Amino acid sequence: MIVQTRYRYFVNAAFWWTGILGGVFFISCNNATLPKEEKVETAEEIDATAGALISDYVDKALSDSGKVNGSFWLGQTQLVKAVYERRGFTTQWSEKDSLFPVGDSLIAFIRHSRNYGLFPENYHYSLLDSLRRRIGTLGGKLDAVTWGETDILLTDAFAQLLHDIKIGRLPADSVTGREDSTLSETILTDQFDFLLRGKSLSTIVSQLEPRHTGYKLIKEAIPAFLASARFDKEWTKVPFPVKDSALFREKLFRRLQEEGLIPDSLTIPDRAQMITALKTYQKANGLTDDGRIGAQTAQRLNSSDQDRFFQLAITLDRYKLLPPEMPEKYLWVNIPSYQLSLVEKEEVILQSRIVVGKPITRTPVLTSAISQMITYPQWTIPTSIIAKEILPALKKDPGYLARKGYSLINGEGEEVDPYLVDWSKYSKGIPYKVVQGSGDDNALGILKFNFNNKYSVYLHDTNQRYFFSRAERALSHGCVRVQSWKELADFIIRNDSTEAVEKSNRNFLPSDSLSKWLINKEKHTIAIRNRIPVFIRYFTCEAKEGRLTFYDDIYQEDALLKKHYISAKN
C-alpha cells in the first residue's frame, strides 16, 4: 500500500511541552527530517512514492534557501518547481525501476561538461553518479528515496546547465546592457519537454550558446587543452620578485623541468640551457621571448591548469554578455591582450597594439561609438589625475607645470601663474583646469578619437610611442593609446565617404584632408556621421590557430570572479 510521504512526516513531528512557555507548538514537515530510505514492495509503487518525496524536496528547498538535506541542495529551486508543477509531481526521468536513456545522457554530458567551460561538480555529478550506481544494486532498486533524489537532482542539474549555457555565471552589471539575467521558466519547461520527447541534449545546448566567432574558436580548442591539462598537479612556484637568487634559480629550474623543457635527468642548472628553455616557454605562451623573467612570465609560470581553466570559463561567460548579434563593423579593444581589432563582416581588417590603463587607473569596460576625431588635440587633465599627481607636485614646486608643458586655466578661460597660487590650502582638488597644449609633445599625440562615455576616456595617439614595443603595456591613466591610429582614422574617413556617396550626399571629408591637416599641424574637429561602435572588454583568453592563448589578469578581475564558479551545492 502506498502512503503519501508528505503526510507520513506528521507522525514524526512532535508536540513539545516547555515549562517556560507553558504551551505547545507543532513542527511542520519543512523542519522534519526527510527519510534516508523509503522501501516499496513493487516497482509499480516507485513513481507515486518518489513523486511525493519530490514534492517534499521542493517545499524544503523553498523554505531553506535551496537546502534539502545534508547531502544535497538545489541551485534552481523555482525552475525545478515550475517543471514539476507543469508535468505533475511524479518522476520525470524514470518509470518504475528503469532510468530513461535521456537521464544517462545528461549524466554523461555533465561528466564531460568541461568541454563547455563548465564544472561537473556544479551539476551534482558526484552525487548523481553515486545514485546511478546505487540504482543498479538490489538495495537501491526498490528504494523510492534513491529514485526521488535522482529525479530532482537531474531536473536541477538540467535547469542549472541551461542557465549557465545561456546566461552564464557572471553577476549582472550595468555596463553590458544584458537584459536577461535569469533563465525563464518558459525556456526551461519548453526545453525540458523537447528533451523528454527525444531532442538531443547537444542540440538544445547549441541553440542556447552564443554565436560569436571568438566563443566558437575557444570551444573548439578546449579538448586539446583538456587532453594535456593536469588539474591535480601541484606546480613549483617561482618566487617573484626575486629576493633569494639561489632559491629563484632552483625553483625556475624545477618549473622548466615540469614543462618538459629541461630533461629530468639533469640535476645542476645550466644557465644557457635555462635561457633556451625559458625562451621556448615564452614563445609558446605568447610572451616576449627574451629569456628573462619579468612579472608577466612569472605570473604565467605560476598559473596552474586549473587557473587557466577558470580564465577560459570566465571568458566564455563574458561572450554571453555581448549582444546576440554584433554590428557589421566595430572596434574591439581587449584590455588584457593589449590589442585593438577593427572587424568588418566578422573579419579582422586591422589590428593594432595598444597601451591601456595602469591597475590603479584602469581602462573601463564599456560600449559606445566613435563620434569625433580631433587633430592636434589639447589634453584637459582629469580631476582624478590632478588630485593624485599634479597637486602634490605643485605643492613641492609650482614650476612643475612649465616643465610638463601644462597651463593653469581659471573659470574665465584665462591662464593663471602657478607661482601666485597658495597651493597649501588645497587638499583634494583645485578650482582650475590643467591643460596641455596641442603638438607633438602632447600626451594625446596628434589625433584623438572621441566617443560618449561617463569615464571621460577615449582612443588616441601618444607622444610616448616607444611604449608599444613593451610586452606589458598597462601604462596609461585609463585612456587607450593606439599604435595604428592613422590607419584607423583613414578607415573611418573612407567609411564616412562611402556612406555619403551611397546616399548621394557630397558633404563629406575628402580622404586627403586629414593628412594635409596633420602635416600643417592644424587643429580640426571631424564629426563622424557613420559612427563605428566601440567595445572595450576584458577577455583573458582567446584561441589562435586551434590553440588557447591566455593573457595576464592585469586588473585581477578574473581572480575576483572565481567565487561565482565554485559551488558548494553539489
# chains A, B, ... in the order shown; residues from 1 in each chain; ligands from 1
$ residues_around --residues "range 395-399 of chain A" --least-positions-apart "2" --cutoff "6 Å" --atoms "only C-alpha atoms" --output "PDB file with C-alpha atoms, in the first residue's frame"
ATOM      1  CA  PRO A 392      51.205  67.071  -4.721  1.00  0.00           C
ATOM      2  CA  ALA A 393      53.806  68.096  -7.328  1.00  0.00           C
ATOM      3  CA  LEU A 401      53.561  72.764 -14.821  1.00  0.00           C
ATOM      4  CA  ALA A 402      56.012  74.583 -17.087  1.00  0.00           C
ATOM      5  CA  PRO A 418      51.006  78.886 -10.668  1.00  0.00           C
ATOM      6  CA  TYR A 419      53.537  80.835  -8.524  1.00  0.00           C
ATOM      7  CA  TRP A 423      48.717  75.524  -3.076  1.00  0.00           C
TER       8      TRP A 423
END
$ select_by_dssp --residues "range 195-416 of chain A" --states "alpha helix (DSSP H)" --output "PyMOL selection string"
chain A and resi 195-196+201-208+213-228+245-258+271-284+295-301+305-319+383-385+391-396+400-404
$ residues_around --residues "range 223-232 of chain A" --least-positions-apart "2" --cutoff "8 Å" --atoms "only C-alpha atoms" --output "list in words"
Asn115, Lys219, Glu220, Ala221, Glu234, Ser304, Asp305, Gln306, Arg547 and Leu548 of chain A
$ residues_around --residues "range 338-340 of chain A" --least-positions-apart "6" --cutoff "8 Å" --atoms "only C-alpha atoms" --output "PDB file with N, CA, C and O atoms, in the first residue's frame"
ATOM      1  N   LEU A 331      34.827  48.235 -33.521  1.00  0.00           N
ATOM      2  CA  LEU A 331      36.163  48.184 -32.923  1.00  0.00           C
ATOM      3  C   LEU A 331      36.114  47.323 -31.675  1.00  0.00           C
ATOM      4  O   LEU A 331      35.256  47.521 -30.814  1.00  0.00           O
ATOM      5  N   TRP A 332      37.037  46.392 -31.586  1.00  0.00           N
ATOM      6  CA  TRP A 332      37.129  45.505 -30.429  1.00  0.00           C
ATOM      7  C   TRP A 332      38.442  45.817 -29.704  1.00  0.00           C
ATOM      8  O   TRP A 332      39.517  45.638 -30.260  1.00  0.00           O
ATOM      9  N   GLN A 351      44.589  45.381 -37.134  1.00  0.00           N
ATOM     10  CA  GLN A 351      44.963  45.118 -35.748  1.00  0.00           C
ATOM     11  C   GLN A 351      46.031  46.110 -35.331  1.00  0.00           C
ATOM     12  O   GLN A 351      46.859  46.536 -36.142  1.00  0.00           O
ATOM     13  N   SER A 352      45.999  46.463 -34.062  1.00  0.00           N
ATOM     14  CA  SER A 352      46.968  47.425 -33.562  1.00  0.00           C
ATOM     15  C   SER A 352      47.320  47.129 -32.117  1.00  0.00           C
ATOM     16  O   SER A 352      46.462  46.728 -31.314  1.00  0.00           O
ATOM     17  N   ARG A 353      48.574  47.335 -31.784  1.00  0.00           N
ATOM     18  CA  ARG A 353      48.973  47.300 -30.383  1.00  0.00           C
ATOM     19  C   ARG A 353      48.380  48.522 -29.682  1.00  0.00           C
ATOM     20  O   ARG A 353      48.226  49.578 -30.299  1.00  0.00           O
ATOM     21  N   ILE A 354      48.076  48.344 -28.411  1.00  0.00           N
ATOM     22  CA  ILE A 354      47.539  49.457 -27.628  1.00  0.00           C
ATOM     23  C   ILE A 354      48.230  49.516 -26.272  1.00  0.00           C
ATOM     24  O   ILE A 354      48.854  48.553 -25.830  1.00  0.00           O
ATOM     25  N   VAL A 355      48.117  50.668 -25.639  1.00  0.00           N
ATOM     26  CA  VAL A 355      48.524  50.861 -24.254  1.00  0.00           C
ATOM     27  C   VAL A 355      47.239  51.137 -23.472  1.00  0.00           C
ATOM     28  O   VAL A 355      46.411  51.953 -23.899  1.00  0.00           O
ATOM     29  N   VAL A 356      47.059  50.442 -22.341  1.00  0.00           N
ATOM     30  CA  VAL A 356      45.842  50.602 -21.540  1.00  0.00           C
ATOM     31  C   VAL A 356      46.207  51.150 -20.160  1.00  0.00           C
ATOM     32  O   VAL A 356      47.371  51.369 -19.834  1.00  0.00           O
ATOM     33  N   ARG A 473      51.834  46.458 -21.280  1.00  0.00           N
ATOM     34  CA  ARG A 473      51.515  47.820 -21.698  1.00  0.00           C
ATOM     35  C   ARG A 473      50.322  48.416 -20.926  1.00  0.00           C
ATOM     36  O   ARG A 473      49.514  49.152 -21.481  1.00  0.00           O
ATOM     37  N   ALA A 474      50.233  48.095 -19.635  1.00  0.00           N
ATOM     38  CA  ALA A 474      49.248  48.747 -18.763  1.00  0.00           C
ATOM     39  C   ALA A 474      49.953  49.947 -18.137  1.00  0.00           C
ATOM     40  O   ALA A 474      50.471  49.890 -17.024  1.00  0.00           O
ATOM     41  N   VAL A 482      46.709  54.114 -29.195  1.00  0.00           N
ATOM     42  CA  VAL A 482      46.627  53.228 -30.356  1.00  0.00           C
ATOM     43  C   VAL A 482      47.851  53.423 -31.245  1.00  0.00           C
ATOM     44  O   VAL A 482      48.112  54.534 -31.720  1.00  0.00           O
TER      45      VAL A 482
END
$ closest_residue --among "A:Ile386, A:Leu208, A:Leu475, A:Leu342" --to "Tyr432 in chain A" --atoms "only C-alpha atoms"
A:Ile386
$ residues_around --residues "Ser202 in chain A" --least-positions-apart "3" --cutoff "12 Å" --atoms "only C-alpha atoms" --output "list in words"
Val102, Ser105, Leu106, Ala108, Phe109, Ile110, His112, Ser113, Asn115, Tyr116, Leu161, Leu162, Ile165, Gln191, Leu195, Gly198, Lys199, Val205, Ser206, Gln207, Leu208 and Glu209 of chain A
$ residues_around --residues "Leu256 in chain A" --least-positions-apart "4" --cutoff "9 Å" --atoms "only C-alpha atoms" --output "number ranges by chain"
A: 251-252, 260-262, 274, 277-278, 281, 301
$ closest_residue --among "A:Tyr376, A:Trp485, A:Tyr426, A:Phe535" --to "Leu321 in chain A" --atoms "only C-alpha atoms"
A:Phe535
